[in-house]
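Presented below is the structure to which this report refers.
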Amino acid sequence: MTANNERADWWKQAVVYQVYPRSFYDANGDGLGDIKGVTERMGYLRELGIDAIWLSPFYPSPLVDGGYDVADYRDVDPRLGTLEDFDAMCAAAHEAGMKVVVDIVPNHTSTEHEWFRAALAAGPGSPERDRYVFRPGRGENGELPPNGWKSTFGGPAWEPVGDGEWYLHLFAVEQADLNWGNPDVHEDFKKTLRFWSDRGADGFRIDVAHALAKDLDSRPLADWPDDPDQGEPGDDNPLWDRPEVHEIYREWRQVFNEYEPARFAVAEAWVVPEHQWMYASPDELGQVFNFQLSNAAWFADEFRTAIEKGLAAAEQSGSTTTWVLSNHDMPRHPTRFALPQVRSSVHHQLVTDWLLRDGRTYHEDRELGTRRARAALLMELGLPGSVYLYQGEELGLFEVADIPWGALEDPQALMTTHGDAIKGRDGCRVPLPWRAVDESGDFGFSAPVEHEAAHLPQPEWFAQFAVDVEEANTASMLWFYRRALGMRSELLTATGDTSLAWAGGYGDQVIAYERPCAGGRTLTSVTNFGEGPVALPAGEVVLCSSELLAGRLPQDATAWVVR
Ligand code: GLC
């Protein structure tokens, strides 16, 4: 076990690896990754040097939204395995010294959930309907939606059920929003938290944590603007980041504290940075995703601001912050860094447009993207707080931009129409390549020789990034991740000291900071965004993301120097 994981508050400085189970490793050959697949690859994960595995949803689900449409919160999807498989996976992770984090989706259930079926059957005004957000439609016979709210995935956020009532779905039509004003909902989620904690889960990732509390009654629904902006804070937003949401998490904290060590949770809350810390406070979830790094385009000032904001949020919450470069909801970062760089406010659109045109509109400079991804990783790993990695980033995978429309699975793509819309998030969810040469044509994603096709098509170029190829080449991204994670653990996490000081004197194209490190020494992390190489401080260069140029740090590179 890593020194970090021996601490009760291990999650404050952990490296957490996100597994998107359907695309990780397929043990049974049905073309979908599964829980056994995770167990079979536990050795790979241990060697990588992570502290914890976070699994995206593996519950029974019609898979309208990659499993974020949950039909039963306390079971495993039969296509992904059984509860016994989960127990075995958890035991194997613990045995290997790693923690397990599971995903909780409390804002909405699948419309296949038994509660939703009961709500439809029971009709207007019933206690069954009160667990969801049903409202009468407007117009003579309720033929118009209660108001003009839009779903995050496109189209209206209300769906009629044929008896004059409509239900709210902030995401896909098949994801009905729960009513957190209803006590059954509270009780059921506490039961779910205990269920997985009892089975060995060490923590939870809370999906769209900022949406649970809603105000639908303080004024007529039709008076709200059509598009309450997610980023806008305040009591005046009926849907997002309402103050009452924190009462729910204070209630959950009581449940987490029933366990030894206390469980923790990390909130996915897309709120203004000034509000983030509340979700993380010790009487609530403990941690919140800080997406600042993943939002930054490749400019020194954007990364510096991102780091400053993350550190400030950590201080405010009395917890630690988190650092994220990629996850299952965004284009992979080596691709983001390989495309032309414009300010982050417009870079997201540039990447979205590029994807929409199957990756043809701009040149993706992969060598540059890889170089920057290596530099970004070291810059990130040196920071105090937890780092969340996304499966495949240790292989340096790029976004798959040219998945044919007919093969896409993401509701973001399917709820919009070709040409005017977005292609969605499938490009970062393509099944991992484990073997470069594999006659059965899925880069070793499925264990059995005879198997179904992988659920999303893999491009030819995945061969270069296959695990076996990278294993055999110590200059690969995989080995770079292993070395960097090992050093973070040995030099930084082991000390338990979370302080950071900016190192001055390098100019505005460099990000340099100092951390106390093992042996009473100091580690300086230096990242050079500028054209000219920069001189490094005196000391031993223990790791560098690129070759030094006559002892100096070249552009788009990070070095760790210890003295
Ligand atoms: C979160 C998940 C995303 C999902 C959405 C709705 O943002 O990360 O994948 O589509 O919630 O559940």
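By order of appearance in the structure tokens: chains A, B, ..., then residues from 1 within every chain, and ligands from 1 in the order shown.
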
Mind listing the alpha helix (DSSP H) residues of stretch 188-294 of chain A, per DSSP on the backbone, as a PyMOL selection string?
-> chain A and resi 188-198+245-256+273-280+292-294

How would the residues just picked look written out with N, CA, C and O atoms as a short mmCIF file (atom, residue, chain, number, x, y, z; two decimals), in the first residue's frame?
```
data_model
loop_
_atom_site.label_atom_id
_atom_site.label_comp_id
_atom_site.auth_asym_id
_atom_site.auth_seq_id
_atom_site.Cartn_x
_atom_site.Cartn_y
_atom_site.Cartn_z
N ASP A 188 -33.78 6.64 0.15
CA ASP A 188 -33.27 5.66 -0.80
C ASP A 188 -31.80 5.91 -1.12
O ASP A 188 -31.02 4.96 -1.25
N PHE A 189 -31.40 7.15 -1.25
CA PHE A 189 -29.99 7.40 -1.56
C PHE A 189 -29.09 7.09 -0.37
O PHE A 189 -27.97 6.61 -0.54
N LYS A 190 -29.59 7.32 0.83
CA LYS A 190 -28.77 6.96 1.99
C LYS A 190 -28.58 5.43 2.04
O LYS A 190 -27.51 4.93 2.36
N LYS A 191 -29.64 4.75 1.65
CA LYS A 191 -29.56 3.29 1.59
C LYS A 191 -28.49 2.87 0.55
O LYS A 191 -27.69 1.97 0.80
N THR A 192 -28.50 3.55 -0.57
CA THR A 192 -27.52 3.23 -1.62
C THR A 192 -26.09 3.52 -1.16
O THR A 192 -25.17 2.72 -1.38
N LEU A 193 -25.90 4.64 -0.47
CA LEU A 193 -24.55 4.97 0.02
C LEU A 193 -24.06 3.90 1.00
O LEU A 193 -22.90 3.49 0.97
N ARG A 194 -24.99 3.45 1.85
CA ARG A 194 -24.60 2.41 2.83
C ARG A 194 -24.36 1.07 2.12
O ARG A 194 -23.44 0.34 2.47
N PHE A 195 -25.18 0.80 1.12
CA PHE A 195 -25.07 -0.47 0.39
C PHE A 195 -23.66 -0.63 -0.18
O PHE A 195 -22.99 -1.64 0.03
N TRP A 196 -23.18 0.40 -0.86
CA TRP A 196 -21.86 0.28 -1.49
C TRP A 196 -20.73 0.43 -0.47
O TRP A 196 -19.68 -0.21 -0.59
N SER A 197 -20.97 1.24 0.57
CA SER A 197 -19.95 1.34 1.62
C SER A 197 -19.78 0.00 2.31
O SER A 197 -18.65 -0.45 2.56
N ASP A 198 -20.90 -0.67 2.59
CA ASP A 198 -20.83 -1.99 3.24
C ASP A 198 -20.12 -3.00 2.35
O ASP A 198 -19.50 -3.95 2.84
N VAL A 245 -29.12 22.79 -1.73
CA VAL A 245 -28.50 21.53 -2.11
C VAL A 245 -27.52 21.07 -1.01
O VAL A 245 -27.30 19.89 -0.79
N HIS A 246 -26.96 22.05 -0.30
CA HIS A 246 -25.95 21.71 0.71
C HIS A 246 -26.56 20.96 1.90
O HIS A 246 -25.86 20.21 2.57
N GLU A 247 -27.85 21.14 2.13
CA GLU A 247 -28.48 20.38 3.23
C GLU A 247 -28.43 18.88 2.93
O GLU A 247 -28.25 18.07 3.83
N ILE A 248 -28.59 18.54 1.66
CA ILE A 248 -28.54 17.12 1.28
C ILE A 248 -27.17 16.53 1.62
O ILE A 248 -27.05 15.46 2.19
N TYR A 249 -26.13 17.28 1.29
CA TYR A 249 -24.78 16.73 1.51
C TYR A 249 -24.40 16.72 2.98
O TYR A 249 -23.63 15.86 3.40
N ARG A 250 -24.99 17.60 3.77
CA ARG A 250 -24.74 17.53 5.21
C ARG A 250 -25.39 16.27 5.79
O ARG A 250 -24.85 15.62 6.69
N GLU A 251 -26.51 15.92 5.21
CA GLU A 251 -27.18 14.68 5.63
C GLU A 251 -26.31 13.47 5.23
O GLU A 251 -26.15 12.52 6.01
N TRP A 252 -25.76 13.50 4.04
CA TRP A 252 -24.92 12.39 3.58
C TRP A 252 -23.65 12.26 4.42
O TRP A 252 -23.15 11.16 4.64
N ARG A 253 -23.15 13.38 4.90
CA ARG A 253 -21.93 13.35 5.72
C ARG A 253 -22.15 12.47 6.95
O ARG A 253 -21.26 11.74 7.39
N GLN A 254 -23.38 12.52 7.51
CA GLN A 254 -23.68 11.67 8.68
C GLN A 254 -23.49 10.20 8.30
O GLN A 254 -22.96 9.41 9.07
N VAL A 255 -23.93 9.86 7.10
CA VAL A 255 -23.78 8.47 6.64
C VAL A 255 -22.29 8.14 6.46
O VAL A 255 -21.80 7.11 6.93
N PHE A 256 -21.55 9.03 5.80
CA PHE A 256 -20.12 8.76 5.57
C PHE A 256 -19.40 8.54 6.90
O PHE A 256 -18.49 7.72 7.00
N PRO A 273 -16.14 29.20 -9.62
CA PRO A 273 -15.11 28.79 -8.67
C PRO A 273 -15.38 29.27 -7.24
O PRO A 273 -15.11 28.54 -6.28
N GLU A 274 -15.99 30.43 -7.09
CA GLU A 274 -16.23 30.96 -5.74
C GLU A 274 -17.23 30.10 -4.96
O GLU A 274 -17.33 30.21 -3.75
N HIS A 275 -17.99 29.29 -5.64
CA HIS A 275 -18.98 28.46 -4.95
C HIS A 275 -18.52 27.01 -4.76
O HIS A 275 -19.14 26.26 -4.02
N GLN A 276 -17.44 26.65 -5.45
CA GLN A 276 -17.01 25.25 -5.43
C GLN A 276 -16.74 24.72 -4.03
O GLN A 276 -17.14 23.62 -3.68
N TRP A 277 -16.05 25.56 -3.25
CA TRP A 277 -15.54 25.07 -1.98
C TRP A 277 -16.63 24.56 -1.06
O TRP A 277 -16.41 23.65 -0.26
N MET A 278 -17.86 25.08 -1.18
CA MET A 278 -18.91 24.67 -0.25
C MET A 278 -19.20 23.18 -0.34
O MET A 278 -19.44 22.51 0.65
N TYR A 279 -19.17 22.66 -1.57
CA TYR A 279 -19.44 21.23 -1.76
C TYR A 279 -18.36 20.40 -1.09
O TYR A 279 -18.60 19.27 -0.69
N ALA A 280 -17.15 20.96 -1.01
CA ALA A 280 -16.02 20.20 -0.49
C ALA A 280 -15.88 20.31 1.02
O ALA A 280 -15.05 19.62 1.61
N GLN A 292 -10.55 23.56 -13.62
CA GLN A 292 -9.78 24.69 -14.15
C GLN A 292 -8.70 24.25 -15.14
O GLN A 292 -8.51 24.87 -16.17
N LEU A 293 -7.98 23.19 -14.77
CA LEU A 293 -6.89 22.77 -15.67
C LEU A 293 -7.43 22.28 -17.00
O LEU A 293 -6.87 22.54 -18.06
N SER A 294 -8.55 21.57 -16.95
CA SER A 294 -9.09 21.03 -18.19
C SER A 294 -9.69 22.12 -19.06
O SER A 294 -9.87 21.94 -20.26
#
```

Step by step, measure atom-to-atom distances between ligand 1 and each residue using only C-alpha atoms and all ligand atoms, keep those at most 6 Å, then write them as an MDAnalysis selection string.
-> chainID A and resid 65 68 171 207:208 329

From A:Gly155, A:Gly424, A:Gly519, A:Gly385, residue lying nearest A:Thr321 [only C-alpha atoms] | A:Gly385

Measuring atom to atom with only C-alpha atoms, identify which of A:Ser499, A:Ser525, A:Gln18, A:Ser489 is nearest to A:Gly382.
->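 The answer is A:Ser525, which sits nearest to A:Gly382.
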
Excluding same-chain residues fewer than 6 positions from A:Arg129, what lies within 10 Å of it counting only C-alpha atoms, as an MDAnalysis selection string?
-> chainID A and resid 115:123 135 167 178:179

Residues from last step as file, C-alpha atoms, as a short mmCIF file (atom, residue, chain, number, x, y, z; two decimals), in the first residue's frame:
```
data_model
loop_
_atom_site.label_atom_id
_atom_site.label_comp_id
_atom_site.auth_asym_id
_atom_site.auth_seq_id
_atom_site.Cartn_x
_atom_site.Cartn_y
_atom_site.Cartn_z
CA TRP A 115 -40.04 4.18 -9.35
CA PHE A 116 -40.59 5.88 -12.67
CA ARG A 117 -42.73 3.04 -13.98
CA ALA A 118 -44.79 3.22 -10.80
CA ALA A 119 -45.10 6.98 -11.23
CA LEU A 120 -46.50 6.58 -14.74
CA ALA A 121 -48.92 3.89 -13.63
CA ALA A 122 -50.14 5.77 -10.56
CA GLY A 123 -51.19 8.94 -12.35
CA ARG A 135 -46.16 19.34 -13.62
CA TYR A 167 -41.91 15.40 -16.35
CA LEU A 178 -35.87 13.24 -9.06
CA ASN A 179 -37.71 15.47 -6.62
#
```

Nearby residues (only C-alpha atoms) at most 10 Å from A:Leu432, same-chain spacing under 4 positions excluded, as a ChimeraX atom specification | /A:22-26,33,391-392,395,397,428,442-446,454,458,462,465-467

7 Å contact set for A:His451, only C-alpha atoms, chain neighbours under 3 positions out, as an NGL selection string | :A and (29-31 or 446 or 448)

Give the strand (DSSP E) residues of stretch 334-512 of chain A, as DSSP finds them on the backbone, and put them as an NGL selection string.
-> :A and (386-390 or 501-502 or 510-512)

Store the residues picked out above, limited to N, CA and C atoms, as a compact mmCIF listing (two decimals), in the first residue's frame.
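Result file follows (selection-v8.txt):
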```txt
# COMPACT_ATOMS: atom_id res chain seq x y z
N SER A 386 -5.56 16.23 -4.97
CA SER A 386 -5.71 14.95 -5.65
C SER A 386 -5.72 15.15 -7.15
N VAL A 387 -5.22 14.13 -7.84
CA VAL A 387 -5.17 14.17 -9.30
C VAL A 387 -6.09 13.07 -9.82
N TYR A 388 -6.99 13.43 -10.71
CA TYR A 388 -7.88 12.45 -11.31
C TYR A 388 -7.44 12.21 -12.74
N LEU A 389 -7.05 10.96 -13.03
CA LEU A 389 -6.61 10.58 -14.38
C LEU A 389 -7.75 9.85 -15.07
N TYR A 390 -7.79 9.93 -16.38
CA TYR A 390 -8.84 9.25 -17.14
C TYR A 390 -8.24 8.12 -17.96
N ALA A 501 4.99 27.13 -2.84
CA ALA A 501 5.38 28.54 -3.01
C ALA A 501 5.72 28.77 -4.47
N TRP A 502 5.27 29.87 -5.02
CA TRP A 502 5.64 30.19 -6.40
C TRP A 502 7.12 30.54 -6.43
N VAL A 510 6.78 31.14 -17.95
CA VAL A 510 7.18 29.95 -17.18
C VAL A 510 6.29 29.82 -15.94
N ILE A 511 5.92 28.60 -15.64
CA ILE A 511 5.24 28.33 -14.37
C ILE A 511 6.20 27.53 -13.51
N ALA A 512 6.58 28.12 -12.39
CA ALA A 512 7.53 27.43 -11.52
C ALA A 512 7.05 27.53 -10.08
```

Long-range neighbours of A:Gly43 as a list in words, 12 Å cut-off, only C-alpha atoms, 2 positions minimum in chain |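 Here the qualifying residues turn out to be Gly37, Val38, Thr39, Glu40, Arg41, Leu45, Arg46, Glu47, Leu48, Gly49, Ile50, Met89, Ala92, Ala93, Glu95, Ala96, Gly97 and Met98 of chain A.
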
Expected file: the selected residues, N, CA and C atoms, as a tab-separated table (two decimals), in the first residue's frame:
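As written to disk, again10.tsv reads:
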```tsv
chain	number	residue	atom	x	y	z
A	37	GLY	N	-13.30	-7.56	-16.13
A	37	GLY	CA	-12.20	-6.98	-16.91
A	37	GLY	C	-11.32	-6.09	-16.04
A	38	VAL	N	-11.94	-5.35	-15.12
A	38	VAL	CA	-11.15	-4.49	-14.22
A	38	VAL	C	-10.32	-5.37	-13.29
A	39	THR	N	-10.95	-6.43	-12.77
A	39	THR	CA	-10.22	-7.32	-11.87
A	39	THR	C	-9.02	-7.94	-12.60
A	40	GLU	N	-9.25	-8.35	-13.84
A	40	GLU	CA	-8.15	-8.99	-14.58
A	40	GLU	C	-7.00	-8.04	-14.86
A	41	ARG	N	-7.28	-6.76	-14.90
A	41	ARG	CA	-6.22	-5.78	-15.18
A	41	ARG	C	-5.71	-5.08	-13.92
A	45	LEU	N	-3.03	-1.77	-13.23
A	45	LEU	CA	-3.35	-0.55	-12.47
A	45	LEU	C	-2.38	-0.36	-11.30
A	46	ARG	N	-2.05	-1.49	-10.65
A	46	ARG	CA	-1.12	-1.37	-9.52
A	46	ARG	C	0.25	-0.89	-10.01
A	47	GLU	N	0.68	-1.42	-11.13
A	47	GLU	CA	1.99	-1.02	-11.64
A	47	GLU	C	2.03	0.43	-12.07
A	48	LEU	N	0.88	0.93	-12.47
A	48	LEU	CA	0.82	2.33	-12.87
A	48	LEU	C	1.15	3.23	-11.68
A	49	GLY	N	0.75	2.79	-10.48
A	49	GLY	CA	1.11	3.54	-9.29
A	49	GLY	C	0.02	4.48	-8.80
A	50	ILE	N	-1.23	4.14	-9.08
A	50	ILE	CA	-2.34	4.98	-8.63
A	50	ILE	C	-2.75	4.58	-7.21
A	89	MET	N	-13.80	-7.70	-7.39
A	89	MET	CA	-13.00	-6.58	-7.91
A	89	MET	C	-12.52	-5.70	-6.76
A	92	ALA	N	-9.84	-7.41	-4.81
A	92	ALA	CA	-8.56	-7.42	-5.54
A	92	ALA	C	-7.91	-6.04	-5.47
A	93	ALA	N	-8.71	-4.99	-5.57
A	93	ALA	CA	-8.16	-3.63	-5.50
A	93	ALA	C	-7.55	-3.41	-4.11
A	95	GLU	N	-6.55	-5.60	-1.97
A	95	GLU	CA	-5.38	-6.46	-1.84
A	95	GLU	C	-4.15	-5.80	-2.47
A	96	ALA	N	-4.40	-5.15	-3.60
A	96	ALA	CA	-3.29	-4.50	-4.31
A	96	ALA	C	-2.99	-3.11	-3.73
A	97	GLY	N	-3.67	-2.77	-2.61
A	97	GLY	CA	-3.37	-1.50	-1.94
A	97	GLY	C	-4.10	-0.30	-2.52
A	98	MET	N	-5.13	-0.57	-3.32
A	98	MET	CA	-5.86	0.55	-3.93
A	98	MET	C	-7.27	0.68	-3.37
```

Coordinates-based distance that separates atom CA of A:Gly125 from atom CA of A:Asp215 (Å, one decimal) |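 Spanning atom CA of A:Asp215 to atom CA of A:Gly125 is a straight-line distance of 18.7 Å.
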
The residue from A:Val562, A:Leu377, A:Ala413, A:Thr524 with the smallest atom-to-atom distance to A:Leu478, counting only C-alpha atoms, is A:Leu377

What lies within 7 Å of stretch 332-335 of chain A using only C-alpha atoms, ignoring chain neighbours under 3 positions off, as a count of residues only?
-> 12
